[in-house]
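Asks: For reference, the structure I am asking about is given below.
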Amino acid sequence: MRLTVLGSGAACPAAGQNSSGYLVETGPDNNGHRLLLDCGHGIASALLSERPAADIDDIWVTHMHADHFIDLLALRFRITRDMAGLPEPERRISLHLPPGGMTRLAAILEAVTFPLDFCASTFRVSEYAPDEDSECDGVGVRVSPGTHYIPSFALRVEADGAALAYSGDTAPSAAVTDLARDVDLFICEAALDQPETGHMPGHCTPEQAAEMARAAGAKRLLLSHFWYGTDTERFGQRARAAGPTPVDIAHDGYRRTI
Ligand SMILES: [Zn+2]
Ligand SMILES: [Zn+2]
């Protein structure tokens, strides 16, 4: 199983940095089942730099903040173009939205004056359950809720005898920690420089990400989802000082085979 970070940024763009998107390729020569985890701004273009968009089998969206899904519209244009002429059964890309995501997506489509079936005409669109546990082509995906300003869900992917977990957007969360139990790689957001106070928390500092990784028994932590202007090397140092888990720092184009 190979991970490629397509976007390591958060909602505020920085030069050369996309928002959230992770390509997971499984199977022999990483050419079996392929998943895209989140599709924020910049991800459609980044994906096309890696492989044809129509190669993707499953798209999972952690939550309906724009930096995690808004490039679905651009991606849909390209996939539809690339699949033109193929018979209906070939249109096999499944779009897994969080609970309530279909209503949100419909509202976005209406706002931008796109037809309401814009996505459904290309993707098989569904909403996953908050505790979804599914399997397709030997790839298991489990879902667990995180702690965020809106409902957001962490994902665990198991394939080829390996496991990774992706936090989505979350404050420190026992449920996300449980989902990441003993994974080979835990992609955890670290959007904050300092812990949140005074309102409902929704993000992690590097220290909080390191503590979740330690508690989960993750073999490696990949810090990601950095706010514009973050000193990511310093974030890595802070996470390494806060816990025993080896730490990598995500950047657009980061790759790791697990
Ligand atoms: Zn985000
Ligand atoms: Zn968010």
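Residue numbering restarts at 1 for every chain of the structure tokens, chains are lettered A, B, ... in their displayed order, and ligands are numbered from 1 as they appear.
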Just want the 9 Å neighbourhood of Ile150 in chain A, counted on only C-alpha atoms, with same-chain residues fewer than 2 positions away dropped. Output as a ChimeraX atom specification.

Replies: /A:63-65,147-148,152,202

Asks: Using only C-alpha atoms and all ligand atoms, which protein or nucleic acid residues are at most 10 Å from ligand 1, as a PyMOL selection string?

Replies: chain A and resi 8-12+19-20+38+40+62-69+148+152+168-170+189-191+202-203+225-227

Asks: Could the residues in this selection be saved with C-alpha atoms as a CSV table (one decimal), in the first residue's frame?

Replies:
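Once everything was written out, this is selection-v3.csv:
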chain,number,residue,atom,x,y,z
A,8,SER,CA,-0.9,18.9,3.2
A,9,GLY,CA,-2.5,22.3,3.8
A,10,ALA,CA,-5.6,23.5,5.6
A,11,ALA,CA,-8.2,26.0,4.5
A,12,CYS,CA,-5.9,29.0,4.0
A,19,SER,CA,-5.5,21.6,0.9
A,20,SER,CA,-6.5,18.1,2.0
A,38,ASP,CA,-10.6,14.0,0.8
A,40,GLY,CA,-10.0,19.9,-1.1
A,62,THR,CA,-14.1,13.1,5.9
A,63,HIS,CA,-16.3,16.2,6.3
A,64,MET,CA,-18.0,18.9,4.4
A,65,HIS,CA,-15.6,21.8,5.0
A,66,ALA,CA,-14.4,23.2,1.7
A,67,ASP,CA,-10.8,22.3,2.2
A,68,HIS,CA,-11.8,18.7,2.2
A,69,PHE,CA,-14.3,18.4,-0.6
A,148,HIS,CA,-14.6,19.1,15.1
A,152,SER,CA,-16.0,15.0,10.8
A,168,GLY,CA,-9.6,14.1,9.1
A,169,ASP,CA,-10.0,17.3,11.1
A,170,THR,CA,-10.2,16.6,14.8
A,189,GLU,CA,-3.8,16.8,11.5
A,190,ALA,CA,-1.8,19.5,13.3
A,191,ALA,CA,-3.5,22.7,12.3
A,202,GLY,CA,-11.7,21.1,16.5
A,203,HIS,CA,-8.0,20.8,15.8
A,225,HIS,CA,-3.1,19.7,7.5
A,226,PHE,CA,-0.9,22.7,8.3
A,227,TRP,CA,-2.2,26.2,8.5

Asks: Using only C-alpha atoms and all ligand atoms, which residue out of A:Asp133, A:His96, A:Asp71, A:Cys204 lies closest to ligand 2?

Replies: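 Counting only C-alpha atoms and all ligand atoms, the residue closest to ligand 2 is A:Cys204.
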
Asks: Please, which residues of range 116-216 of chain A, numbered as in this document, come out strand (DSSP E) from DSSP, as a ChimeraX atom specification?

Replies: /A:124-127,133-136,139-145,153-159,162-166,185-189

Asks: Excluding Asn31 in chain A and any residue of its chain fewer than 6 positions from it, enumerate the residues within 10 Å of it, using only C-alpha atoms, and give them as a count of residues only.

Replies: 4

Asks: Using backbone DSSP assignments, extract all alpha helix (DSSP H) residues from range 56-236 of chain A; output them as a ChimeraX atom specification.

Replies: /A:66-69,72-82,101-111,174-179,206-216,232-236

Asks: Return the single residue from A:Pro206, A:Gly198, A:Pro130, A:Gly236 that is closest to Asp248 in chain A, with distances computed using only C-alpha atoms.

Replies: A:Gly236

Asks: Counting only C-alpha atoms, figure out which residue out of A:Ser49, A:Ser173, A:Ser121, A:Thr103 gets nearest to Thr80 in chain A.

Replies: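 Once distances to Thr80 in chain A are computed over only C-alpha atoms, the minimum belongs to A:Ser121.
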
Asks: Extract, using only C-alpha atoms, all DNA, RNA and protein residues at most 8 Å from Pro145 in chain A, discarding same-chain residues fewer than 4 positions from it, and format them as a PDB file with N, CA, C and O atoms, in the first residue's frame.

Replies:
ATOM      1  N   PRO A 130     -21.761   6.528  10.627  1.00  0.00           N
ATOM      2  CA  PRO A 130     -20.710   7.036  11.529  1.00  0.00           C
ATOM      3  C   PRO A 130     -19.757   5.960  12.016  1.00  0.00           C
ATOM      4  O   PRO A 130     -18.644   6.269  12.441  1.00  0.00           O
ATOM      5  N   ASP A 131     -20.201   4.700  11.959  1.00  0.00           N
ATOM      6  CA  ASP A 131     -19.336   3.592  12.374  1.00  0.00           C
ATOM      7  C   ASP A 131     -19.149   2.588  11.222  1.00  0.00           C
ATOM      8  O   ASP A 131     -19.009   1.385  11.462  1.00  0.00           O
ATOM      9  N   PRO A 151     -19.687  17.723  12.026  1.00  0.00           N
ATOM     10  CA  PRO A 151     -19.363  16.295  12.028  1.00  0.00           C
ATOM     11  C   PRO A 151     -18.221  15.974  11.067  1.00  0.00           C
ATOM     12  O   PRO A 151     -18.273  16.304   9.883  1.00  0.00           O
ATOM     13  N   SER A 152     -17.173  15.366  11.600  1.00  0.00           N
ATOM     14  CA  SER A 152     -16.002  14.984  10.809  1.00  0.00           C
ATOM     15  C   SER A 152     -15.605  13.577  11.222  1.00  0.00           C
ATOM     16  O   SER A 152     -15.771  13.197  12.388  1.00  0.00           O
ATOM     17  N   PHE A 153     -15.070  12.829  10.290  1.00  0.00           N
ATOM     18  CA  PHE A 153     -14.847  11.409  10.526  1.00  0.00           C
ATOM     19  C   PHE A 153     -13.423  11.027  10.145  1.00  0.00           C
ATOM     20  O   PHE A 153     -12.906  11.466   9.118  1.00  0.00           O
ATOM     21  N   ALA A 154     -12.836  10.211  11.010  1.00  0.00           N
ATOM     22  CA  ALA A 154     -11.521   9.643  10.715  1.00  0.00           C
ATOM     23  C   ALA A 154     -11.708   8.356   9.923  1.00  0.00           C
ATOM     24  O   ALA A 154     -12.751   7.692  10.026  1.00  0.00           O
ATOM     25  N   ALA A 175     -12.042   8.376  20.237  1.00  0.00           N
ATOM     26  CA  ALA A 175     -12.565   7.535  19.144  1.00  0.00           C
ATOM     27  C   ALA A 175     -11.564   7.444  17.996  1.00  0.00           C
ATOM     28  O   ALA A 175     -11.363   6.364  17.419  1.00  0.00           O
ATOM     29  N   VAL A 176     -10.929   8.559  17.679  1.00  0.00           N
ATOM     30  CA  VAL A 176      -9.939   8.537  16.598  1.00  0.00           C
ATOM     31  C   VAL A 176      -8.714   7.738  17.038  1.00  0.00           C
ATOM     32  O   VAL A 176      -8.138   6.981  16.250  1.00  0.00           O
TER      33      VAL A 176
END

Asks: Would you list the contacts of Ile108 in chain A as a PDB file with all heavy atoms, in the first residue's frame, taking every protein, DNA or RNA residue within 12 Å and counting only C-alpha atoms, but skipping same-chain residues closer than 4 positions in sequence?

Replies:
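The result, stored in out.pdb:
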ATOM      1  N   MET A  64     -17.586  18.025   5.471  1.00  0.00           N
ATOM      2  CA  MET A  64     -18.019  18.917   4.406  1.00  0.00           C
ATOM      3  C   MET A  64     -17.523  20.339   4.629  1.00  0.00           C
ATOM      4  O   MET A  64     -18.238  21.311   4.357  1.00  0.00           O
ATOM      5  CB  MET A  64     -19.549  18.849   4.267  1.00  0.00           C
ATOM      6  CG  MET A  64     -20.064  17.462   3.884  1.00  0.00           C
ATOM      7  SD  MET A  64     -19.387  16.819   2.325  1.00  0.00           S
ATOM      8  CE  MET A  64     -20.328  17.801   1.130  1.00  0.00           C
ATOM      9  N   HIS A  65     -16.295  20.507   5.073  1.00  0.00           N
ATOM     10  CA  HIS A  65     -15.607  21.784   4.979  1.00  0.00           C
ATOM     11  C   HIS A  65     -14.911  21.849   3.617  1.00  0.00           C
ATOM     12  O   HIS A  65     -14.401  20.837   3.120  1.00  0.00           O
ATOM     13  CB  HIS A  65     -14.584  21.940   6.114  1.00  0.00           C
ATOM     14  CG  HIS A  65     -15.173  22.493   7.381  1.00  0.00           C
ATOM     15  ND1 HIS A  65     -14.598  22.308   8.619  1.00  0.00           N
ATOM     16  CD2 HIS A  65     -16.299  23.243   7.588  1.00  0.00           C
ATOM     17  CE1 HIS A  65     -15.342  22.911   9.536  1.00  0.00           C
ATOM     18  NE2 HIS A  65     -16.370  23.482   8.941  1.00  0.00           N
ATOM     19  N   ALA A  66     -14.868  23.067   3.054  1.00  0.00           N
ATOM     20  CA  ALA A  66     -14.435  23.216   1.664  1.00  0.00           C
ATOM     21  C   ALA A  66     -13.037  22.665   1.430  1.00  0.00           C
ATOM     22  O   ALA A  66     -12.757  22.118   0.353  1.00  0.00           O
ATOM     23  CB  ALA A  66     -14.495  24.690   1.260  1.00  0.00           C
ATOM     24  N   PHE A  69     -13.452  18.974   0.400  1.00  0.00           N
ATOM     25  CA  PHE A  69     -14.297  18.378  -0.648  1.00  0.00           C
ATOM     26  C   PHE A  69     -14.492  19.247  -1.889  1.00  0.00           C
ATOM     27  O   PHE A  69     -14.958  18.744  -2.922  1.00  0.00           O
ATOM     28  CB  PHE A  69     -15.682  18.028  -0.085  1.00  0.00           C
ATOM     29  CG  PHE A  69     -16.646  19.177  -0.031  1.00  0.00           C
ATOM     30  CD1 PHE A  69     -17.514  19.415  -1.087  1.00  0.00           C
ATOM     31  CD2 PHE A  69     -16.665  20.026   1.049  1.00  0.00           C
ATOM     32  CE1 PHE A  69     -18.392  20.491  -1.060  1.00  0.00           C
ATOM     33  CE2 PHE A  69     -17.530  21.104   1.093  1.00  0.00           C
ATOM     34  CZ  PHE A  69     -18.399  21.338   0.043  1.00  0.00           C
ATOM     35  N   ILE A  70     -14.120  20.530  -1.856  1.00  0.00           N
ATOM     36  CA  ILE A  70     -14.625  21.444  -2.893  1.00  0.00           C
ATOM     37  C   ILE A  70     -14.103  21.104  -4.290  1.00  0.00           C
ATOM     38  O   ILE A  70     -14.763  21.399  -5.286  1.00  0.00           O
ATOM     39  CB  ILE A  70     -14.312  22.916  -2.524  1.00  0.00           C
ATOM     40  CG1 ILE A  70     -15.243  23.870  -3.273  1.00  0.00           C
ATOM     41  CG2 ILE A  70     -12.845  23.262  -2.784  1.00  0.00           C
ATOM     42  CD1 ILE A  70     -16.674  23.793  -2.850  1.00  0.00           C
ATOM     43  N   ASP A  71     -12.941  20.449  -4.395  1.00  0.00           N
ATOM     44  CA  ASP A  71     -12.433  20.106  -5.727  1.00  0.00           C
ATOM     45  C   ASP A  71     -13.135  18.898  -6.344  1.00  0.00           C
ATOM     46  O   ASP A  71     -12.813  18.500  -7.472  1.00  0.00           O
ATOM     47  CB  ASP A  71     -10.919  19.889  -5.707  1.00  0.00           C
ATOM     48  CG  ASP A  71     -10.183  20.937  -6.541  1.00  0.00           C
ATOM     49  OD1 ASP A  71     -10.794  21.980  -6.854  1.00  0.00           O
ATOM     50  OD2 ASP A  71      -8.998  20.718  -6.882  1.00  0.00           O
ATOM     51  N   LEU A  72     -14.095  18.317  -5.632  1.00  0.00           N
ATOM     52  CA  LEU A  72     -14.902  17.263  -6.248  1.00  0.00           C
ATOM     53  C   LEU A  72     -15.565  17.762  -7.529  1.00  0.00           C
ATOM     54  O   LEU A  72     -15.740  16.994  -8.489  1.00  0.00           O
ATOM     55  CB  LEU A  72     -15.995  16.792  -5.286  1.00  0.00           C
ATOM     56  CG  LEU A  72     -15.592  15.859  -4.157  1.00  0.00           C
ATOM     57  CD1 LEU A  72     -16.797  15.620  -3.251  1.00  0.00           C
ATOM     58  CD2 LEU A  72     -15.053  14.540  -4.703  1.00  0.00           C
ATOM     59  N   LEU A  73     -15.935  19.039  -7.531  1.00  0.00           N
ATOM     60  CA  LEU A  73     -16.636  19.565  -8.710  1.00  0.00           C
ATOM     61  C   LEU A  73     -15.701  19.587  -9.918  1.00  0.00           C
ATOM     62  O   LEU A  73     -16.063  19.174 -11.020  1.00  0.00           O
ATOM     63  CB  LEU A  73     -17.193  20.956  -8.415  1.00  0.00           C
ATOM     64  CG  LEU A  73     -18.110  21.073  -7.185  1.00  0.00           C
ATOM     65  CD1 LEU A  73     -18.752  22.443  -7.127  1.00  0.00           C
ATOM     66  CD2 LEU A  73     -19.172  19.989  -7.173  1.00  0.00           C
ATOM     67  N   GLY A 101     -23.964  14.596   4.096  1.00  0.00           N
ATOM     68  CA  GLY A 101     -23.153  15.172   3.030  1.00  0.00           C
ATOM     69  C   GLY A 101     -23.905  15.375   1.726  1.00  0.00           C
ATOM     70  O   GLY A 101     -23.608  16.309   0.967  1.00  0.00           O
ATOM     71  N   MET A 102     -24.872  14.505   1.439  1.00  0.00           N
ATOM     72  CA  MET A 102     -25.599  14.649   0.174  1.00  0.00           C
ATOM     73  C   MET A 102     -26.436  15.926   0.169  1.00  0.00           C
ATOM     74  O   MET A 102     -26.546  16.608  -0.853  1.00  0.00           O
ATOM     75  CB  MET A 102     -26.459  13.405  -0.074  1.00  0.00           C
ATOM     76  CG  MET A 102     -25.605  12.164  -0.331  1.00  0.00           C
ATOM     77  SD  MET A 102     -26.513  10.605  -0.414  1.00  0.00           S
ATOM     78  CE  MET A 102     -27.182  10.688  -2.075  1.00  0.00           C
ATOM     79  N   THR A 103     -27.001  16.276   1.316  1.00  0.00           N
ATOM     80  CA  THR A 103     -27.769  17.522   1.403  1.00  0.00           C
ATOM     81  C   THR A 103     -26.848  18.724   1.232  1.00  0.00           C
ATOM     82  O   THR A 103     -27.170  19.690   0.526  1.00  0.00           O
ATOM     83  CB  THR A 103     -28.486  17.592   2.766  1.00  0.00           C
ATOM     84  OG1 THR A 103     -29.341  16.453   2.883  1.00  0.00           O
ATOM     85  CG2 THR A 103     -29.324  18.855   2.877  1.00  0.00           C
ATOM     86  N   ARG A 104     -25.681  18.674   1.874  1.00  0.00           N
ATOM     87  CA  ARG A 104     -24.694  19.755   1.731  1.00  0.00           C
ATOM     88  C   ARG A 104     -24.245  19.905   0.280  1.00  0.00           C
ATOM     89  O   ARG A 104     -24.130  21.015  -0.235  1.00  0.00           O
ATOM     90  CB  ARG A 104     -23.471  19.459   2.594  1.00  0.00           C
ATOM     91  CG  ARG A 104     -23.700  19.522   4.054  1.00  0.00           C
ATOM     92  CD  ARG A 104     -23.398  20.914   4.576  1.00  0.00           C
ATOM     93  NE  ARG A 104     -23.644  20.939   6.005  1.00  0.00           N
ATOM     94  CZ  ARG A 104     -23.908  22.026   6.693  1.00  0.00           C
ATOM     95  NH1 ARG A 104     -23.940  23.182   6.074  1.00  0.00           N
ATOM     96  NH2 ARG A 104     -24.137  21.970   7.982  1.00  0.00           N
ATOM     97  N   VAL A 112     -23.954  27.124  -7.006  1.00  0.00           N
ATOM     98  CA  VAL A 112     -23.093  27.414  -8.168  1.00  0.00           C
ATOM     99  C   VAL A 112     -23.826  27.152  -9.485  1.00  0.00           C
ATOM    100  O   VAL A 112     -23.198  27.108 -10.548  1.00  0.00           O
ATOM    101  CB  VAL A 112     -21.769  26.616  -8.111  1.00  0.00           C
ATOM    102  CG1 VAL A 112     -20.979  26.981  -6.865  1.00  0.00           C
ATOM    103  CG2 VAL A 112     -22.012  25.110  -8.173  1.00  0.00           C
ATOM    104  N   THR A 113     -25.125  26.985  -9.391  1.00  0.00           N
ATOM    105  CA  THR A 113     -26.026  26.793 -10.544  1.00  0.00           C
ATOM    106  C   THR A 113     -25.651  25.597 -11.406  1.00  0.00           C
ATOM    107  O   THR A 113     -25.783  25.618 -12.627  1.00  0.00           O
ATOM    108  CB  THR A 113     -26.123  28.068 -11.430  1.00  0.00           C
ATOM    109  OG1 THR A 113     -24.856  28.309 -12.064  1.00  0.00           O
ATOM    110  CG2 THR A 113     -26.517  29.278 -10.611  1.00  0.00           C
ATOM    111  N   PHE A 114     -25.141  24.547 -10.748  1.00  0.00           N
ATOM    112  CA  PHE A 114     -24.928  23.277 -11.444  1.00  0.00           C
ATOM    113  C   PHE A 114     -26.180  22.414 -11.263  1.00  0.00           C
ATOM    114  O   PHE A 114     -26.882  22.533 -10.259  1.00  0.00           O
ATOM    115  CB  PHE A 114     -23.734  22.520 -10.856  1.00  0.00           C
ATOM    116  CG  PHE A 114     -22.384  23.079 -11.235  1.00  0.00           C
ATOM    117  CD1 PHE A 114     -22.257  24.238 -11.982  1.00  0.00           C
ATOM    118  CD2 PHE A 114     -21.233  22.428 -10.827  1.00  0.00           C
ATOM    119  CE1 PHE A 114     -21.012  24.749 -12.314  1.00  0.00           C
ATOM    120  CE2 PHE A 114     -19.975  22.931 -11.161  1.00  0.00           C
ATOM    121  CZ  PHE A 114     -19.866  24.090 -11.908  1.00  0.00           C
ATOM    122  N   PRO A 115     -26.457  21.512 -12.215  1.00  0.00           N
ATOM    123  CA  PRO A 115     -27.607  20.621 -12.027  1.00  0.00           C
ATOM    124  C   PRO A 115     -27.439  19.753 -10.792  1.00  0.00           C
ATOM    125  O   PRO A 115     -26.315  19.383 -10.424  1.00  0.00           O
ATOM    126  CB  PRO A 115     -27.630  19.771 -13.302  1.00  0.00           C
ATOM    127  CG  PRO A 115     -26.351  20.028 -13.996  1.00  0.00           C
ATOM    128  CD  PRO A 115     -25.754  21.282 -13.470  1.00  0.00           C
ATOM    129  N   LEU A 116     -28.546  19.420 -10.170  1.00  0.00           N
ATOM    130  CA  LEU A 116     -28.480  18.675  -8.906  1.00  0.00           C
ATOM    131  C   LEU A 116     -27.930  17.268  -9.089  1.00  0.00           C
ATOM    132  O   LEU A 116     -27.470  16.647  -8.128  1.00  0.00           O
ATOM    133  CB  LEU A 116     -29.861  18.639  -8.241  1.00  0.00           C
ATOM    134  CG  LEU A 116     -30.318  19.975  -7.654  1.00  0.00           C
ATOM    135  CD1 LEU A 116     -31.711  19.840  -7.031  1.00  0.00           C
ATOM    136  CD2 LEU A 116     -29.331  20.515  -6.622  1.00  0.00           C
ATOM    137  N   ASP A 117     -27.995  16.741 -10.323  1.00  0.00           N
ATOM    138  CA  ASP A 117     -27.427  15.409 -10.554  1.00  0.00           C
ATOM    139  C   ASP A 117     -25.993  15.495 -11.090  1.00  0.00           C
ATOM    140  O   ASP A 117     -25.462  14.519 -11.617  1.00  0.00           O
ATOM    141  CB  ASP A 117     -28.302  14.605 -11.519  1.00  0.00           C
ATOM    142  CG  ASP A 117     -28.265  15.170 -12.947  1.00  0.00           C
ATOM    143  OD1 ASP A 117     -27.763  16.308 -13.137  1.00  0.00           O
ATOM    144  OD2 ASP A 117     -28.737  14.471 -13.857  1.00  0.00           O
ATOM    145  N   PHE A 118     -25.364  16.653 -10.949  1.00  0.00           N
ATOM    146  CA  PHE A 118     -24.012  16.876 -11.489  1.00  0.00           C
ATOM    147  C   PHE A 118     -23.042  15.797 -11.029  1.00  0.00           C
ATOM    148  O   PHE A 118     -22.279  15.239 -11.821  1.00  0.00           O
ATOM    149  CB  PHE A 118     -23.518  18.255 -11.050  1.00  0.00           C
ATOM    150  CG  PHE A 118     -22.135  18.601 -11.513  1.00  0.00           C
ATOM    151  CD1 PHE A 118     -21.903  19.009 -12.818  1.00  0.00           C
ATOM    152  CD2 PHE A 118     -21.060  18.529 -10.642  1.00  0.00           C
ATOM    153  CE1 PHE A 118     -20.626  19.337 -13.250  1.00  0.00           C
ATOM    154  CE2 PHE A 118     -19.779  18.859 -11.058  1.00  0.00           C
ATOM    155  CZ  PHE A 118     -19.563  19.260 -12.373  1.00  0.00           C
ATOM    156  N   CYS A 119     -23.059  15.479  -9.747  1.00  0.00           N
ATOM    157  CA  CYS A 119     -22.139  14.455  -9.225  1.00  0.00           C
ATOM    158  C   CYS A 119     -22.714  13.051  -9.399  1.00  0.00           C
ATOM    159  O   CYS A 119     -21.993  12.116  -9.750  1.00  0.00           O
ATOM    160  CB  CYS A 119     -21.830  14.723  -7.753  1.00  0.00           C
ATOM    161  SG  CYS A 119     -20.735  16.148  -7.538  1.00  0.00           S
TER     162      CYS A 119
END

Asks: Which is closest to ligand 2 among A:Gly7, A:Gly229, A:Gly16, A:Gly146, if we use only C-alpha atoms and all ligand atoms?

Replies: A:Gly146

Asks: Rank A:Val5, A:Ala107, A:Val157, A:Cys136 by their smallest atom-to-atom distance to Leu223 in chain A, using only C-alpha atoms, and report the top residue only.

Replies: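 That would be A:Val5, the residue with the smallest distance to Leu223 in chain A.
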
Asks: Excluding Gly253 in chain A and its own-chain neighbours fewer than 4 positions away, which residues fall within 12 Å of it when counting only C-alpha atoms? Please give them as a compact mmCIF listing (two decimals) with all heavy atoms, in the first residue's frame.

Replies:
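part_11.txt, written as the output of this step:
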# COMPACT_ATOMS: atom_id res chain seq x y z
N LEU A 3 1.07 5.48 0.02
CA LEU A 3 0.42 6.76 0.27
C LEU A 3 1.15 7.86 -0.48
O LEU A 3 2.39 7.93 -0.44
CB LEU A 3 0.45 7.08 1.78
CG LEU A 3 0.07 8.52 2.13
CD1 LEU A 3 -1.44 8.74 1.99
CD2 LEU A 3 0.53 8.88 3.54
N THR A 4 0.41 8.71 -1.16
CA THR A 4 0.96 9.95 -1.71
C THR A 4 0.14 11.11 -1.18
O THR A 4 -1.10 11.12 -1.31
CB THR A 4 0.91 9.95 -3.25
OG1 THR A 4 1.61 8.81 -3.75
CG2 THR A 4 1.53 11.22 -3.81
N VAL A 5 0.81 12.05 -0.55
CA VAL A 5 0.12 13.25 -0.06
C VAL A 5 -0.05 14.20 -1.23
O VAL A 5 0.92 14.68 -1.81
CB VAL A 5 0.90 13.92 1.08
CG1 VAL A 5 0.21 15.22 1.51
CG2 VAL A 5 1.04 12.97 2.27
N LEU A 6 -1.30 14.45 -1.59
CA LEU A 6 -1.59 15.40 -2.67
C LEU A 6 -1.75 16.81 -2.14
O LEU A 6 -1.55 17.78 -2.87
CB LEU A 6 -2.87 14.98 -3.40
CG LEU A 6 -2.87 13.58 -4.01
CD1 LEU A 6 -4.24 13.27 -4.63
CD2 LEU A 6 -1.78 13.42 -5.05
N GLY A 7 -2.13 16.92 -0.88
CA GLY A 7 -2.32 18.23 -0.27
C GLY A 7 -2.13 18.15 1.23
O GLY A 7 -2.80 17.35 1.89
N SER A 8 -1.22 18.96 1.74
CA SER A 8 -0.89 18.92 3.18
C SER A 8 -1.33 20.19 3.89
O SER A 8 -1.02 20.39 5.05
CB SER A 8 0.62 18.74 3.36
OG SER A 8 1.32 19.79 2.69
N GLY A 16 2.14 26.81 -3.64
CA GLY A 16 2.68 25.46 -3.80
C GLY A 16 2.15 24.44 -2.83
O GLY A 16 2.72 23.35 -2.71
N GLN A 17 1.10 24.77 -2.11
CA GLN A 17 0.54 23.81 -1.14
C GLN A 17 -0.97 23.70 -1.34
O GLN A 17 -1.68 24.70 -1.24
CB GLN A 17 0.85 24.27 0.29
CG GLN A 17 0.40 23.28 1.36
CD GLN A 17 0.61 23.83 2.77
OE1 GLN A 17 0.22 24.96 3.06
NE2 GLN A 17 1.22 23.03 3.63
N ASN A 18 -1.42 22.49 -1.61
CA ASN A 18 -2.85 22.24 -1.74
C ASN A 18 -3.46 21.98 -0.37
O ASN A 18 -2.76 21.74 0.60
CB ASN A 18 -3.09 21.04 -2.65
CG ASN A 18 -2.48 21.23 -4.02
OD1 ASN A 18 -2.64 22.29 -4.63
ND2 ASN A 18 -1.77 20.22 -4.51
N GLY A 21 -5.83 16.17 0.70
CA GLY A 21 -6.03 15.10 -0.26
C GLY A 21 -4.93 14.06 -0.15
O GLY A 21 -3.75 14.41 -0.06
N TYR A 22 -5.31 12.77 -0.12
CA TYR A 22 -4.36 11.68 0.06
C TYR A 22 -4.73 10.56 -0.90
O TYR A 22 -5.86 10.07 -0.89
CB TYR A 22 -4.39 11.17 1.52
CG TYR A 22 -4.12 12.27 2.52
CD1 TYR A 22 -5.16 13.06 3.00
CD2 TYR A 22 -2.83 12.55 2.93
CE1 TYR A 22 -4.92 14.09 3.89
CE2 TYR A 22 -2.57 13.59 3.81
CZ TYR A 22 -3.62 14.35 4.29
OH TYR A 22 -3.36 15.40 5.17
N LEU A 23 -3.78 10.17 -1.71
CA LEU A 23 -3.97 9.07 -2.65
C LEU A 23 -3.41 7.80 -2.02
O LEU A 23 -2.24 7.77 -1.60
CB LEU A 23 -3.25 9.37 -3.96
CG LEU A 23 -3.20 8.26 -5.01
CD1 LEU A 23 -4.60 7.89 -5.49
CD2 LEU A 23 -2.31 8.69 -6.19
N ILE A 43 -6.64 19.62 -5.27
CA ILE A 43 -6.41 18.17 -5.30
C ILE A 43 -6.69 17.57 -6.67
O ILE A 43 -6.01 16.63 -7.09
CB ILE A 43 -7.25 17.47 -4.20
CG1 ILE A 43 -6.83 17.97 -2.82
CG2 ILE A 43 -7.13 15.96 -4.30
CD1 ILE A 43 -5.34 17.82 -2.53
N ALA A 46 -3.58 18.04 -8.63
CA ALA A 46 -2.50 17.23 -8.06
C ALA A 46 -2.68 15.75 -8.38
O ALA A 46 -1.71 15.04 -8.68
CB ALA A 46 -2.43 17.43 -6.54
N LEU A 47 -3.92 15.29 -8.33
CA LEU A 47 -4.18 13.89 -8.66
C LEU A 47 -3.81 13.59 -10.11
O LEU A 47 -3.21 12.54 -10.42
CB LEU A 47 -5.66 13.57 -8.42
CG LEU A 47 -6.13 12.18 -8.83
CD1 LEU A 47 -5.41 11.09 -8.03
CD2 LEU A 47 -7.64 12.04 -8.66
N SER A 49 -1.54 14.80 -11.79
CA SER A 49 -0.09 14.69 -11.92
C SER A 49 0.39 13.29 -11.55
O SER A 49 1.52 12.91 -11.86
CB SER A 49 0.60 15.71 -11.01
OG SER A 49 0.29 17.02 -11.41
N GLU A 50 -0.45 12.52 -10.85
CA GLU A 50 -0.08 11.19 -10.40
C GLU A 50 -0.58 10.10 -11.31
O GLU A 50 0.12 9.14 -11.61
CB GLU A 50 -0.61 10.95 -8.98
CG GLU A 50 -0.01 11.85 -7.93
CD GLU A 50 1.48 11.59 -7.73
OE1 GLU A 50 1.91 10.42 -7.86
OE2 GLU A 50 2.20 12.55 -7.43
N ILE A 249 6.91 14.60 8.45
CA ILE A 249 6.19 15.85 8.20
C ILE A 249 5.67 15.80 6.77
O ILE A 249 6.46 15.65 5.83
CB ILE A 249 7.12 17.06 8.38
CG1 ILE A 249 7.74 17.04 9.78
CG2 ILE A 249 6.37 18.36 8.13
CD1 ILE A 249 8.98 17.88 9.87

Asks: Near Gly140 in chain A, within 6 Å and counting only C-alpha atoms, which residues show up once chain neighbours fewer than 3 positions away are dropped, as a ChimeraX atom specification?

Replies: /A:134-135,157-158
